[in-house]
file work00.cif (mmCIF, C-alpha atoms)
data_input
loop_
_atom_site.group_PDB
_atom_site.id
_atom_site.type_symbol
_atom_site.label_atom_id
_atom_site.label_comp_id
_atom_site.auth_asym_id
_atom_site.auth_seq_id
_atom_site.Cartn_x
_atom_site.Cartn_y
_atom_site.Cartn_z
ATOM 1 C CA MET A 1 -3.074 -6.033 -12.477
ATOM 2 C CA LYS A 2 -5.465 -3.947 -10.469
ATOM 3 C CA ALA A 3 -5.375 -2.471 -6.989
ATOM 4 C CA VAL A 4 -7.097 -4.401 -4.228
ATOM 5 C CA LYS A 5 -9.031 -2.840 -1.354
ATOM 6 C CA LEU A 6 -7.329 -3.024 2.006
ATOM 7 C CA ASN A 7 -10.401 -3.184 4.242
ATOM 8 C CA ASP A 8 -9.360 -6.403 6.034
ATOM 9 C CA VAL A 9 -5.614 -5.729 6.205
ATOM 10 C CA ARG A 10 -4.017 -5.799 9.661
ATOM 11 C CA VAL A 11 -0.555 -5.202 11.155
ATOM 12 C CA GLY A 12 1.737 -8.082 10.212
ATOM 13 C CA ASP A 13 0.119 -8.842 6.849
ATOM 14 C CA THR A 14 2.389 -8.938 3.787
ATOM 15 C CA LEU A 15 1.389 -6.904 0.747
ATOM 16 C CA THR A 16 2.702 -6.818 -2.802
ATOM 17 C CA ARG A 17 3.195 -3.263 -4.021
ATOM 18 C CA MET A 18 3.297 -2.751 -7.780
ATOM 19 C CA LEU A 19 5.497 0.230 -8.604
ATOM 20 C CA GLY A 20 4.508 1.725 -11.950
ATOM 21 C CA GLY A 21 2.189 -1.250 -12.359
ATOM 22 C CA THR A 22 5.108 -3.528 -13.302
ATOM 23 C CA VAL A 23 7.699 -3.787 -10.497
ATOM 24 C CA PRO A 24 6.619 -5.957 -7.516
ATOM 25 C CA MET A 25 7.851 -5.161 -4.008
ATOM 26 C CA GLN A 26 7.039 -7.035 -0.786
ATOM 27 C CA LEU A 27 5.955 -4.851 2.144
ATOM 28 C CA ARG A 28 4.805 -5.557 5.699
ATOM 29 C CA VAL A 29 1.923 -3.669 7.339
ATOM 30 C CA THR A 30 3.355 -1.757 10.308
ATOM 31 C CA ARG A 31 0.347 0.295 11.399
ATOM 32 C CA GLU A 32 -3.135 1.221 10.253
ATOM 33 C CA ASN A 33 -6.112 3.483 10.860
ATOM 34 C CA GLU A 34 -9.578 3.867 9.331
ATOM 35 C CA LYS A 35 -8.298 5.670 6.237
ATOM 36 C CA PHE A 36 -4.747 4.416 5.631
ATOM 37 C CA VAL A 37 -2.491 1.369 5.822
ATOM 38 C CA TYR A 38 1.203 2.021 6.461
ATOM 39 C CA CYS A 39 3.758 -0.435 5.108
ATOM 40 C CA ALA A 40 7.517 -0.867 5.346
ATOM 41 C CA THR A 41 10.182 -2.920 3.676
ATOM 42 C CA PRO A 42 11.192 -6.058 5.616
ATOM 43 C CA ASP A 43 14.167 -4.186 7.135
ATOM 44 C CA GLY A 44 11.876 -1.283 8.121
ATOM 45 C CA ALA A 45 14.042 1.271 6.304
ATOM 46 C CA ASP A 46 11.250 2.946 4.348
ATOM 47 C CA GLU A 47 7.526 3.480 4.820
ATOM 48 C CA TRP A 48 4.691 4.002 2.351
ATOM 49 C CA THR A 49 1.061 4.980 2.859
ATOM 50 C CA PHE A 50 -1.814 3.306 1.012
ATOM 51 C CA GLU A 51 -5.486 4.238 0.939
ATOM 52 C CA ARG A 52 -7.549 1.547 2.635
ATOM 53 C CA ASP A 53 -10.584 2.000 0.326
ATOM 54 C CA SER A 54 -8.670 1.902 -2.971
ATOM 55 C CA GLY A 55 -5.290 0.214 -2.394
ATOM 56 C CA VAL A 56 -3.428 3.035 -4.164
ATOM 57 C CA GLU A 57 -0.400 4.807 -2.730
ATOM 58 C CA TYR A 58 -1.104 8.111 -1.023
ATOM 59 C CA ASP A 59 1.655 10.706 -1.163
ATOM 60 C CA PRO A 60 0.514 14.343 -1.117
ATOM 61 C CA GLY A 61 4.056 15.523 -1.884
ATOM 62 C CA LEU A 62 3.911 13.678 -5.206
ATOM 63 C CA ARG A 63 0.186 14.403 -5.600
ATOM 64 C CA TRP A 64 -0.597 10.671 -5.584
ATOM 65 C CA GLY A 65 -3.923 9.332 -4.335
ATOM 66 C CA THR A 66 -7.571 9.278 -5.284
ATOM 67 C CA GLU A 67 -8.018 12.941 -4.355
ATOM 68 C CA PHE A 68 -5.381 13.833 -6.985
ATOM 69 C CA GLY A 69 -6.551 11.344 -9.629
ATOM 70 C CA ALA A 70 -3.084 9.788 -9.998
ATOM 71 C CA THR A 71 -0.760 7.304 -8.330
ATOM 72 C CA GLY A 72 2.559 5.646 -9.014
ATOM 73 C CA SER A 73 1.941 2.417 -7.148
ATOM 74 C CA PHE A 74 -0.778 0.216 -5.713
ATOM 75 C CA ILE A 75 -1.273 -2.950 -3.699
ATOM 76 C CA ALA A 76 -1.992 -5.958 -5.916
ATOM 77 C CA GLU A 77 -1.914 -8.857 -3.423
ATOM 78 C CA ILE A 78 -2.473 -9.504 0.281
ATOM 79 C CA LYS A 79 -1.019 -12.376 2.322
ATOM 80 C CA LYS A 80 -2.660 -12.531 5.731
ATOM 81 C CA GLY A 81 -0.516 -12.780 8.844
ATOM 82 C CA THR A 82 2.713 -13.782 7.180
#
call {"tool": "encode", "arguments": {"input": "work00.cif", "output": "structure tokens"}}
result
Amino acid sequence: MKAVKLNDVRVGDTLTRMLGGTVPMQLRVTRENEKFVYCATPDGADEWTFERDSGVEYDPGLRWGTEFGATGSFIAEIKKGT
């Protein structure tokens, strides 16, 4: 699987995060801006940040994202408005 771009993603969309490229996890878009999409688990307990242009997880603490050349997860599927 490959990361998908998140250019058309909006609050309320459901995304499938692939952790390590093999473990799927359903997330809901909670907020967004020009550069990032922010997603949470259905219960809202955790939040992750994904780069809109690449679909990869951005976490500067882990040095994940295109600027670091590495990531541990990415968005593989988008379900609009679900």
call {"tool": "residues_around", "arguments": {"input": "work00.cif", "residues": "Glu57 of chain A", "least_positions_apart": "3", "cutoff": "10 Å", "atoms": "all atoms listed in the file", "output": "list in words"}}
result
Ala3, Arg17, Met18, Leu19, Phe36, Val37, Tyr38, Trp48, Thr49, Phe50, Glu51, Arg52, Ser54, Pro60, Trp64, Gly65, Thr66, Ala70, Thr71, Gly72, Ser73, Phe74 and Ile75 of chain A
call {"tool": "atom_distance", "arguments": {"input": "work00.cif", "atom1": "atom CA of Arg10 of chain A", "atom2": "atom CA of Ala45 of chain A"}}
result
19.7 Å
call {"tool": "atom_distance", "arguments": {"input": "work00.cif", "atom1": "atom CA of Gly12 of chain A", "atom2": "atom CA of Asp59 of chain A"}}
result
22.0 Å
call {"tool": "resolve_selection", "arguments": {"input": "work00.cif", "expression": "the PyMOL selection byres ((chain A and resi 79) around 12)", "output": "JSON, numbers by chain"}}
result
{"A": [4, 6, 8, 9, 10, 11, 12, 13, 14, 15, 16, 17, 26, 27, 28, 29, 75, 76, 77, 78, 80, 81, 82]}
call {"tool": "atom_distance", "arguments": {"input": "work00.cif", "atom1": "atom CA of Lys35 of chain A", "atom2": "atom CA of Gly21 of chain A"}}
result
22.4 Å
call {"tool": "axis_aligned_box", "arguments": {"input": "work00.cif", "around": "segment 53-71 of chain A", "padding_each_side": "3 Å", "output": "JSON"}}
result
{"center_x": -3.3, "center_y": 7.9, "center_z": -4.8, "size_x": 20.6, "size_y": 21.3, "size_z": 16.3}
call {"tool": "closest_residue", "arguments": {"input": "work00.cif", "among": "A:Glu67, A:Lys2, A:Gly61, A:Asn7", "to": "Glu32 of chain A", "atoms": "all atoms listed in the file"}}
result
A:Asn7
call {"tool": "decode", "arguments": {"input": "work00.cif", "residues": "segment 26-72 of chain A", "atoms": "C-alpha atoms", "output": "JSON list (two decimals), in the first residue's frame"}}
result
[["chain", "number", "residue", "atom", "x", "y", "z"],
["A", 26, "GLN", "CA", -9.65, 3.92, 11.46],
["A", 27, "LEU", "CA", -9.39, 7.64, 12.26],
["A", 28, "ARG", "CA", -11.75, 10.60, 11.93],
["A", 29, "VAL", "CA", -10.59, 14.02, 10.70],
["A", 30, "THR", "CA", -11.09, 16.49, 13.56],
["A", 31, "ARG", "CA", -9.47, 19.62, 12.14],
["A", 32, "GLU", "CA", -7.34, 20.75, 9.22],
["A", 33, "ASN", "CA", -5.27, 23.58, 7.79],
["A", 34, "GLU", "CA", -3.36, 24.16, 4.55],
["A", 35, "LYS", "CA", -0.43, 21.98, 5.58],
["A", 36, "PHE", "CA", -1.82, 19.33, 7.94],
["A", 37, "VAL", "CA", -4.81, 17.10, 8.64],
["A", 38, "TYR", "CA", -5.44, 16.17, 12.27],
["A", 39, "CYS", "CA", -7.14, 12.87, 13.06],
["A", 40, "ALA", "CA", -8.41, 11.14, 16.18],
["A", 41, "THR", "CA", -9.63, 7.72, 17.14],
["A", 42, "PRO", "CA", -13.44, 7.37, 17.20],
["A", 43, "ASP", "CA", -13.46, 7.99, 20.98],
["A", 44, "GLY", "CA", -11.26, 11.08, 20.51],
["A", 45, "ALA", "CA", -8.65, 9.81, 22.98],
["A", 46, "ASP", "CA", -5.61, 10.32, 20.76],
["A", 47, "GLU", "CA", -4.68, 12.63, 17.90],
["A", 48, "TRP", "CA", -2.24, 12.27, 15.01],
["A", 49, "THR", "CA", -1.00, 14.76, 12.44],
["A", 50, "PHE", "CA", -0.65, 13.92, 8.74],
["A", 51, "GLU", "CA", 0.90, 15.97, 5.96],
["A", 52, "ARG", "CA", -1.77, 17.05, 3.49],
["A", 53, "ASP", "CA", 0.56, 16.86, 0.44],
["A", 54, "SER", "CA", 1.98, 13.39, 1.15],
["A", 55, "GLY", "CA", -0.40, 11.54, 3.50],
["A", 56, "VAL", "CA", 2.45, 10.56, 5.83],
["A", 57, "GLU", "CA", 2.39, 11.05, 9.59],
["A", 58, "TYR", "CA", 4.17, 14.14, 10.86],
["A", 59, "ASP", "CA", 5.71, 13.90, 14.31],
["A", 60, "PRO", "CA", 8.80, 16.06, 14.89],
["A", 61, "GLY", "CA", 9.43, 14.35, 18.24],
["A", 62, "LEU", "CA", 9.91, 11.04, 16.43],
["A", 63, "ARG", "CA", 11.50, 12.77, 13.42],
["A", 64, "TRP", "CA", 8.71, 11.51, 11.15],
["A", 65, "GLY", "CA", 7.63, 13.42, 8.05],
["A", 66, "THR", "CA", 8.90, 14.34, 4.63],
["A", 67, "GLU", "CA", 11.36, 16.87, 6.06],
["A", 68, "PHE", "CA", 13.02, 14.02, 8.00],
["A", 69, "GLY", "CA", 12.82, 11.43, 5.21],
["A", 70, "ALA", "CA", 11.07, 8.86, 7.43],
["A", 71, "THR", "CA", 7.66, 7.99, 8.83],
["A", 72, "GLY", "CA", 6.05, 5.20, 10.79]]
